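See structure below.
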Amino acid sequence: MTLEKVSSNRVSTGYLTKYKFPSTSLGGLSTQFNIFLPSSASASSPAPVLFYLAGLTCNEDTGAQKGGLLNTAGKEGIAVVFPDTSPRGAGVEGEDDDWQLGTGAGFYLNATAEKWKKHYNMYDLVVKELPEVIKEANLGVDFSRWSITGHSMGGHGALSIYLKNPGSFKSASAFAPACNPSRTPWGINAFTNYLDAKTRSSPPSEWLPYDSTHLLQNYQGESNILIDVGSEDDFLKKGQLEPQAISSLNKKGVEVRMQDGFDHSYYFISTFAPEHVEYHAKFLKA
């Protein structure tokens, strides 16, 4: 796999570089990602890595430009990878009709419904293909020290991916995540369309492997999870996030914090991003 460099910018202690490549997971479509490499990273001394998964309507640039993660990542010597949020240009009927589905709304799952399954496999892109592409390019990243974070839809992705892959990630965190998507509007809409449910249970059993509350309830072993939600988040008030579903489980190693007066925006994320990077650094550098 050959990466094509799109751009590079000096930032913090290193460089943020955008690459693109044809993705097998996305049915051969070209996908882009940004990677921040601190000055300490090299092929002979690879850096631990944090993946940041962005939310609905966002792309690989949103978190890199607005998230406020990079100064702290540079100080801690941590690489940060920003994947896109969905395939681009798949040509699926209706993929650009609704901001909550299709382009910009991949939900970090592998679609099983016939209409979507060729291209909408963001889970495989994030968990399998992108790490292999980065390893093959010898960029100076150590995937034996790997953590994951995200916002909103991306917070759902970060938590569910962490919980589906015990031992792969050192830690997970999320800003305003969709915590219980099999029972809330965003998730029900996405899962109904993307996942070919054959069971009549409510919710269908095919949805549960992507529901972080269900996954955490059945999770065995120690977990390292930090969740922040703003008290003035409109999507919290509309029942899209349901952080109480996770906090009510009282699982050891899981902290859910309500941040007074903050909303769903990147003003909220950038305020607490340094704390999240420092949280991951404890585990990545242990």
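Just remember, in the structure tokens the first chain shown is A, the second B, etc., residues are 1-based per chain, and ligands are 1-based in the order shown.
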
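Residues with any atom within 6 Å of Ala113 in chain A, counting only C-alpha atoms and excluding same-chain neighbours fewer than 6 positions away, are Tyr194, Leu195 and Asp196 of chain A.
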
Any chance you can output those residues with N, CA and C atoms as a short mmCIF file (atom, residue, chain, number, x, y, z; two decimals), in the first residue's frame?
```cif
data_model
loop_
_atom_site.label_atom_id
_atom_site.label_comp_id
_atom_site.auth_asym_id
_atom_site.auth_seq_id
_atom_site.Cartn_x
_atom_site.Cartn_y
_atom_site.Cartn_z
N TYR A 194 -28.12 0.49 8.35
CA TYR A 194 -26.84 -0.15 8.05
C TYR A 194 -26.80 -1.65 8.34
N LEU A 195 -27.55 -2.08 9.36
CA LEU A 195 -27.42 -3.46 9.84
C LEU A 195 -28.65 -4.28 9.47
N ASP A 196 -28.39 -5.41 8.85
CA ASP A 196 -29.45 -6.30 8.37
C ASP A 196 -29.94 -7.16 9.53
#
```

Checklist entry - Near Thr62 in chain A, counting only C-alpha atoms, which residues have an atom at most 10 Å away, once you skip same-chain residues fewer than 5 positions from it, shown as a PyMOL selection string? => result chain A and resi 53-55+57+67+82+84+266

Checklist entry - If you run DSSP on the backbone, which residues of range 8-256 of chain A are strand (DSSP E), as a PyMOL selection string? => result chain A and resi 8-11+14-22+30-38+47-53+79-83+141-151+172-175+225-230+254-256

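The shell of residues at most 12 Å from Ala197 in chain A, with only C-alpha atoms counted and near chain neighbours (fewer than 2 positions) removed, consists of Ala111, Thr112, Ala113, Glu114, Ile188, Phe191, Thr192, Asn193, Tyr194, Leu195, Thr199, Arg200, Ser201, Ser202, Pro203, Pro204, Ser205, Glu206, Trp207 and Leu208 of chain A.
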
Considering only C-alpha atoms, give me a table of residues in range 122-209 of chain A that are at most 9 Å from range 27-37 of chain A, with the closest atom pair and distance in Å for each, as JSON lines.
```
{"residue": "A:Leu130", "atom": "CA", "partner": "A:Phe33", "partner_atom": "CA", "distance": 8.9}
{"residue": "A:Leu139", "atom": "CA", "partner": "A:Leu37", "partner_atom": "CA", "distance": 8.3}
{"residue": "A:Gly140", "atom": "CA", "partner": "A:Leu37", "partner_atom": "CA", "distance": 7.9}
{"residue": "A:Val141", "atom": "CA", "partner": "A:Leu37", "partner_atom": "CA", "distance": 8.2}
```

Checklist entry - Running DSSP on the backbone, which parts of range 50-99 of chain A land in alpha helix (DSSP H), as an NGL selection string? => result :A and (62-66 or 70-76)

Atoms kept (all heavy atoms) for selection, written as a PDB file, in the first residue's frame:
```pdb
ATOM      1  N   THR A  62     -11.530  17.935  11.180  1.00  0.00           N
ATOM      2  CA  THR A  62     -12.258  18.647  12.225  1.00  0.00           C
ATOM      3  C   THR A  62     -11.550  18.575  13.569  1.00  0.00           C
ATOM      4  O   THR A  62     -11.279  19.594  14.205  1.00  0.00           O
ATOM      5  CB  THR A  62     -13.688  18.105  12.351  1.00  0.00           C
ATOM      6  OG1 THR A  62     -14.259  17.920  11.050  1.00  0.00           O
ATOM      7  CG2 THR A  62     -14.549  19.063  13.141  1.00  0.00           C
ATOM      8  N   GLY A  63     -11.256  17.374  14.016  1.00  0.00           N
ATOM      9  CA  GLY A  63     -10.590  17.226  15.307  1.00  0.00           C
ATOM     10  C   GLY A  63      -9.172  17.747  15.304  1.00  0.00           C
ATOM     11  O   GLY A  63      -8.698  18.320  16.298  1.00  0.00           O
ATOM     12  N   ALA A  64      -8.487  17.579  14.182  1.00  0.00           N
ATOM     13  CA  ALA A  64      -7.099  18.051  14.086  1.00  0.00           C
ATOM     14  C   ALA A  64      -7.025  19.563  14.202  1.00  0.00           C
ATOM     15  O   ALA A  64      -6.127  20.114  14.843  1.00  0.00           O
ATOM     16  CB  ALA A  64      -6.491  17.577  12.768  1.00  0.00           C
ATOM     17  N   GLN A  65      -7.963  20.254  13.579  1.00  0.00           N
ATOM     18  CA  GLN A  65      -7.925  21.714  13.533  1.00  0.00           C
ATOM     19  C   GLN A  65      -8.593  22.364  14.740  1.00  0.00           C
ATOM     20  O   GLN A  65      -8.196  23.453  15.151  1.00  0.00           O
ATOM     21  CB  GLN A  65      -8.594  22.214  12.251  1.00  0.00           C
ATOM     22  CG  GLN A  65      -7.848  21.817  10.984  1.00  0.00           C
ATOM     23  CD  GLN A  65      -8.567  22.243   9.711  1.00  0.00           C
ATOM     24  OE1 GLN A  65      -9.659  22.808   9.766  1.00  0.00           O
ATOM     25  NE2 GLN A  65      -7.965  21.963   8.575  1.00  0.00           N
ATOM     26  N   LYS A  66      -9.608  21.715  15.310  1.00  0.00           N
ATOM     27  CA  LYS A  66     -10.420  22.366  16.337  1.00  0.00           C
ATOM     28  C   LYS A  66     -10.377  21.683  17.702  1.00  0.00           C
ATOM     29  O   LYS A  66     -10.873  22.243  18.681  1.00  0.00           O
ATOM     30  CB  LYS A  66     -11.882  22.420  15.861  1.00  0.00           C
ATOM     31  CG  LYS A  66     -12.086  23.216  14.597  1.00  0.00           C
ATOM     32  CD  LYS A  66     -13.457  22.979  13.968  1.00  0.00           C
ATOM     33  CE  LYS A  66     -14.589  23.464  14.831  1.00  0.00           C
ATOM     34  NZ  LYS A  66     -15.908  23.309  14.154  1.00  0.00           N
ATOM     35  N   LEU A  70      -3.274  18.723  20.208  1.00  0.00           N
ATOM     36  CA  LEU A  70      -1.921  18.518  19.693  1.00  0.00           C
ATOM     37  C   LEU A  70      -0.816  19.098  20.568  1.00  0.00           C
ATOM     38  O   LEU A  70       0.278  18.522  20.628  1.00  0.00           O
ATOM     39  CB  LEU A  70      -1.820  19.048  18.267  1.00  0.00           C
ATOM     40  CG  LEU A  70      -2.770  18.364  17.269  1.00  0.00           C
ATOM     41  CD1 LEU A  70      -2.540  18.879  15.861  1.00  0.00           C
ATOM     42  CD2 LEU A  70      -2.629  16.838  17.321  1.00  0.00           C
ATOM     43  N   ASN A  71      -1.049  20.200  21.250  1.00  0.00           N
ATOM     44  CA  ASN A  71       0.007  20.722  22.121  1.00  0.00           C
ATOM     45  C   ASN A  71       0.332  19.745  23.240  1.00  0.00           C
ATOM     46  O   ASN A  71       1.507  19.487  23.535  1.00  0.00           O
ATOM     47  CB  ASN A  71      -0.400  22.077  22.710  1.00  0.00           C
ATOM     48  CG  ASN A  71      -0.165  23.226  21.748  1.00  0.00           C
ATOM     49  OD1 ASN A  71       0.624  23.111  20.815  1.00  0.00           O
ATOM     50  ND2 ASN A  71      -0.849  24.336  21.974  1.00  0.00           N
ATOM     51  N   THR A  72      -0.688  19.191  23.854  1.00  0.00           N
ATOM     52  CA  THR A  72      -0.460  18.229  24.932  1.00  0.00           C
ATOM     53  C   THR A  72       0.111  16.930  24.383  1.00  0.00           C
ATOM     54  O   THR A  72       1.002  16.320  24.996  1.00  0.00           O
ATOM     55  CB  THR A  72      -1.761  17.957  25.701  1.00  0.00           C
ATOM     56  OG1 THR A  72      -2.350  19.202  26.079  1.00  0.00           O
ATOM     57  CG2 THR A  72      -1.492  17.140  26.944  1.00  0.00           C
ATOM     58  N   ALA A  73      -0.375  16.488  23.218  1.00  0.00           N
ATOM     59  CA  ALA A  73       0.183  15.282  22.598  1.00  0.00           C
ATOM     60  C   ALA A  73       1.665  15.472  22.295  1.00  0.00           C
ATOM     61  O   ALA A  73       2.481  14.562  22.495  1.00  0.00           O
ATOM     62  CB  ALA A  73      -0.585  14.940  21.329  1.00  0.00           C
ATOM     63  N   GLY A  74       2.025  16.654  21.792  1.00  0.00           N
ATOM     64  CA  GLY A  74       3.430  16.931  21.516  1.00  0.00           C
ATOM     65  C   GLY A  74       4.272  16.903  22.773  1.00  0.00           C
ATOM     66  O   GLY A  74       5.378  16.336  22.800  1.00  0.00           O
ATOM     67  N   LYS A  75       3.765  17.510  23.828  1.00  0.00           N
ATOM     68  CA  LYS A  75       4.484  17.528  25.109  1.00  0.00           C
ATOM     69  C   LYS A  75       4.667  16.115  25.651  1.00  0.00           C
ATOM     70  O   LYS A  75       5.726  15.779  26.209  1.00  0.00           O
ATOM     71  CB  LYS A  75       3.710  18.375  26.115  1.00  0.00           C
ATOM     72  CG  LYS A  75       4.368  18.489  27.478  1.00  0.00           C
ATOM     73  CD  LYS A  75       3.510  19.294  28.441  1.00  0.00           C
ATOM     74  CE  LYS A  75       2.293  18.512  28.887  1.00  0.00           C
ATOM     75  NZ  LYS A  75       1.495  19.208  29.930  1.00  0.00           N
ATOM     76  N   GLU A  76       3.652  15.272  25.476  1.00  0.00           N
ATOM     77  CA  GLU A  76       3.706  13.902  26.000  1.00  0.00           C
ATOM     78  C   GLU A  76       4.395  12.929  25.043  1.00  0.00           C
ATOM     79  O   GLU A  76       4.630  11.772  25.395  1.00  0.00           O
ATOM     80  CB  GLU A  76       2.286  13.406  26.289  1.00  0.00           C
ATOM     81  CG  GLU A  76       1.558  14.174  27.379  1.00  0.00           C
ATOM     82  CD  GLU A  76       2.080  13.872  28.776  1.00  0.00           C
ATOM     83  OE1 GLU A  76       2.943  12.978  28.917  1.00  0.00           O
ATOM     84  OE2 GLU A  76       1.622  14.537  29.727  1.00  0.00           O
TER      85      GLU A  76
END
```

Per residue of range 193-250 of chain A within 10 Å of range 276-279 of chain A, what are the shortest atom pair and its distance in Å to one decimal, counting only C-alpha atoms, with rows by chain and residue number, as JSON lines?
```
{"residue": "A:Asn224", "atom": "CA", "partner": "A:Tyr279", "partner_atom": "CA", "distance": 9.3}
{"residue": "A:Ile225", "atom": "CA", "partner": "A:Tyr279", "partner_atom": "CA", "distance": 9.3}
{"residue": "A:Leu226", "atom": "CA", "partner": "A:His276", "partner_atom": "CA", "distance": 7.7}
{"residue": "A:Ile227", "atom": "CA", "partner": "A:His276", "partner_atom": "CA", "distance": 9.1}
{"residue": "A:Asp228", "atom": "CA", "partner": "A:His276", "partner_atom": "CA", "distance": 9.3}
```

Next on the checklist: Excluding Phe283 in chain A and its own-chain neighbours fewer than 4 positions away, which residues fall within 10 Å of it when counting only C-alpha atoms? Please give them as a PyMOL selection string.
Outcome noted: chain A and resi 48+145-147+169-171+224+278-279

Restricting the output to N, CA, C and O atoms, write the selected residues as a tab-separated table (two decimals), in the first residue's frame.
```
chain	number	residue	atom	x	y	z
A	48	PRO	N	3.85	6.13	21.10
A	48	PRO	CA	2.50	5.60	21.34
A	48	PRO	C	1.50	6.42	20.56
A	48	PRO	O	1.78	7.57	20.17
A	145	ARG	N	1.10	0.25	21.93
A	145	ARG	CA	0.69	1.29	22.89
A	145	ARG	C	-0.32	2.19	22.17
A	145	ARG	O	0.05	3.18	21.56
A	146	TRP	N	-1.59	1.79	22.25
A	146	TRP	CA	-2.64	2.39	21.41
A	146	TRP	C	-3.85	2.70	22.27
A	146	TRP	O	-4.33	1.85	23.02
A	147	SER	N	-4.34	3.94	22.19
A	147	SER	CA	-5.57	4.34	22.87
A	147	SER	C	-6.49	5.03	21.87
A	147	SER	O	-6.10	5.33	20.74
A	169	PHE	N	-6.36	-1.90	23.22
A	169	PHE	CA	-6.19	-0.49	23.55
A	169	PHE	C	-5.86	-0.34	25.02
A	169	PHE	O	-6.41	-1.04	25.87
A	170	LYS	N	-5.01	0.63	25.33
A	170	LYS	CA	-4.65	0.89	26.72
A	170	LYS	C	-5.76	1.63	27.45
A	170	LYS	O	-5.92	1.46	28.66
A	171	SER	N	-6.50	2.46	26.73
A	171	SER	CA	-7.53	3.29	27.37
A	171	SER	C	-8.47	3.84	26.30
A	171	SER	O	-8.16	3.82	25.10
A	224	ASN	N	-10.28	1.12	31.36
A	224	ASN	CA	-9.80	2.47	31.60
A	224	ASN	C	-10.57	3.41	30.67
A	224	ASN	O	-10.21	3.56	29.51
A	278	GLU	N	-3.70	13.74	28.61
A	278	GLU	CA	-2.93	13.39	29.81
A	278	GLU	C	-3.45	12.09	30.42
A	278	GLU	O	-2.67	11.28	30.94
A	279	TYR	N	-4.76	11.90	30.38
A	279	TYR	CA	-5.35	10.65	30.88
A	279	TYR	C	-4.79	9.46	30.10
A	279	TYR	O	-4.34	8.46	30.69
```

Please build the interface table for range 100-217 of chain A against range 245-249 of chain A with a cut-off of 9 Å, listing for each qualifying residue the nearest atom pair and the distance in Å to one decimal; count only C-alpha atoms, order rows by chain and increasing number, and write it as CSV.
```
residue,atom,partner,partner_atom,distance
A:Cys179,CA,A:Ile246,CA,6.8
A:Asn180,CA,A:Ala245,CA,6.7
A:Ser212,CA,A:Ile246,CA,7.9
A:Thr213,CA,A:Ile246,CA,5.5
A:His214,CA,A:Ile246,CA,8.9
A:Leu216,CA,A:Ile246,CA,7.7
A:Gln217,CA,A:Leu249,CA,6.8
```

Can those selected residues be exported to a file as a short mmCIF file (atom, residue, chain, number, x, y, z; two decimals), in the first residue's frame so that it contains N, CA, C and O atoms?
```
data_model
loop_
_atom_site.label_atom_id
_atom_site.label_comp_id
_atom_site.auth_asym_id
_atom_site.auth_seq_id
_atom_site.Cartn_x
_atom_site.Cartn_y
_atom_site.Cartn_z
N CYS A 179 -24.01 6.89 24.05
CA CYS A 179 -23.64 5.78 24.94
C CYS A 179 -24.53 4.55 24.80
O CYS A 179 -24.11 3.46 25.13
N ASN A 180 -25.75 4.75 24.32
CA ASN A 180 -26.74 3.67 24.31
C ASN A 180 -27.47 3.66 22.97
O ASN A 180 -28.70 3.74 22.91
N SER A 212 -22.37 0.56 23.36
CA SER A 212 -21.36 0.58 24.40
C SER A 212 -21.91 0.20 25.77
O SER A 212 -21.21 -0.42 26.57
N THR A 213 -23.16 0.55 26.04
CA THR A 213 -23.75 0.16 27.32
C THR A 213 -23.87 -1.35 27.42
O THR A 213 -23.50 -1.96 28.44
N HIS A 214 -24.36 -1.98 26.36
CA HIS A 214 -24.45 -3.44 26.33
C HIS A 214 -23.07 -4.08 26.44
O HIS A 214 -22.87 -5.03 27.20
N LEU A 216 -20.28 -2.82 27.71
CA LEU A 216 -19.67 -2.62 29.03
C LEU A 216 -20.32 -3.50 30.08
O LEU A 216 -19.64 -4.04 30.97
N GLN A 217 -21.62 -3.69 29.97
CA GLN A 217 -22.34 -4.54 30.92
C GLN A 217 -21.78 -5.96 30.92
O GLN A 217 -21.74 -6.62 31.96
#
```

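Residue neighbourhood of Ser168 in chain A, excluding near-sequence residues (fewer than 4 positions): A:Val127, A:Phe143, A:Ser144, A:Arg145, A:Trp146, A:Ser147, A:Ile161, A:Tyr162, A:Leu163, A:Lys164, at 10 Å, using only C-alpha atoms.
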
Next on the checklist: From the options A:Gly94, A:Pro22, A:Gly106, A:Gly150, which residue's atoms come nearest to Val80 in chain A, counting only C-alpha atoms?
Outcome noted: A:Gly150

Item to check | Length of the CA of Lys18 in chain A to CA of Tyr108 in chain A vector [Å] | outcome: 20.3 Å

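Using only C-alpha atoms, the nearest neighbour of Gly157 in chain A within the list A:Asp211, A:Asp98, A:Glu132, A:Glu4 is A:Asp211.
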
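The smallest atom-to-atom distance between Ser12 in chain A and any of A:Ser39, A:Asp124, A:Glu129, A:Ala174, using only C-alpha atoms, is found for A:Ser39.
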
Next on the checklist: Could you tell me how far CA of Phe21 in chain A sits from CA of Leu101 in chain A, in Å to one decimal place?
Outcome noted: 23.5 Å
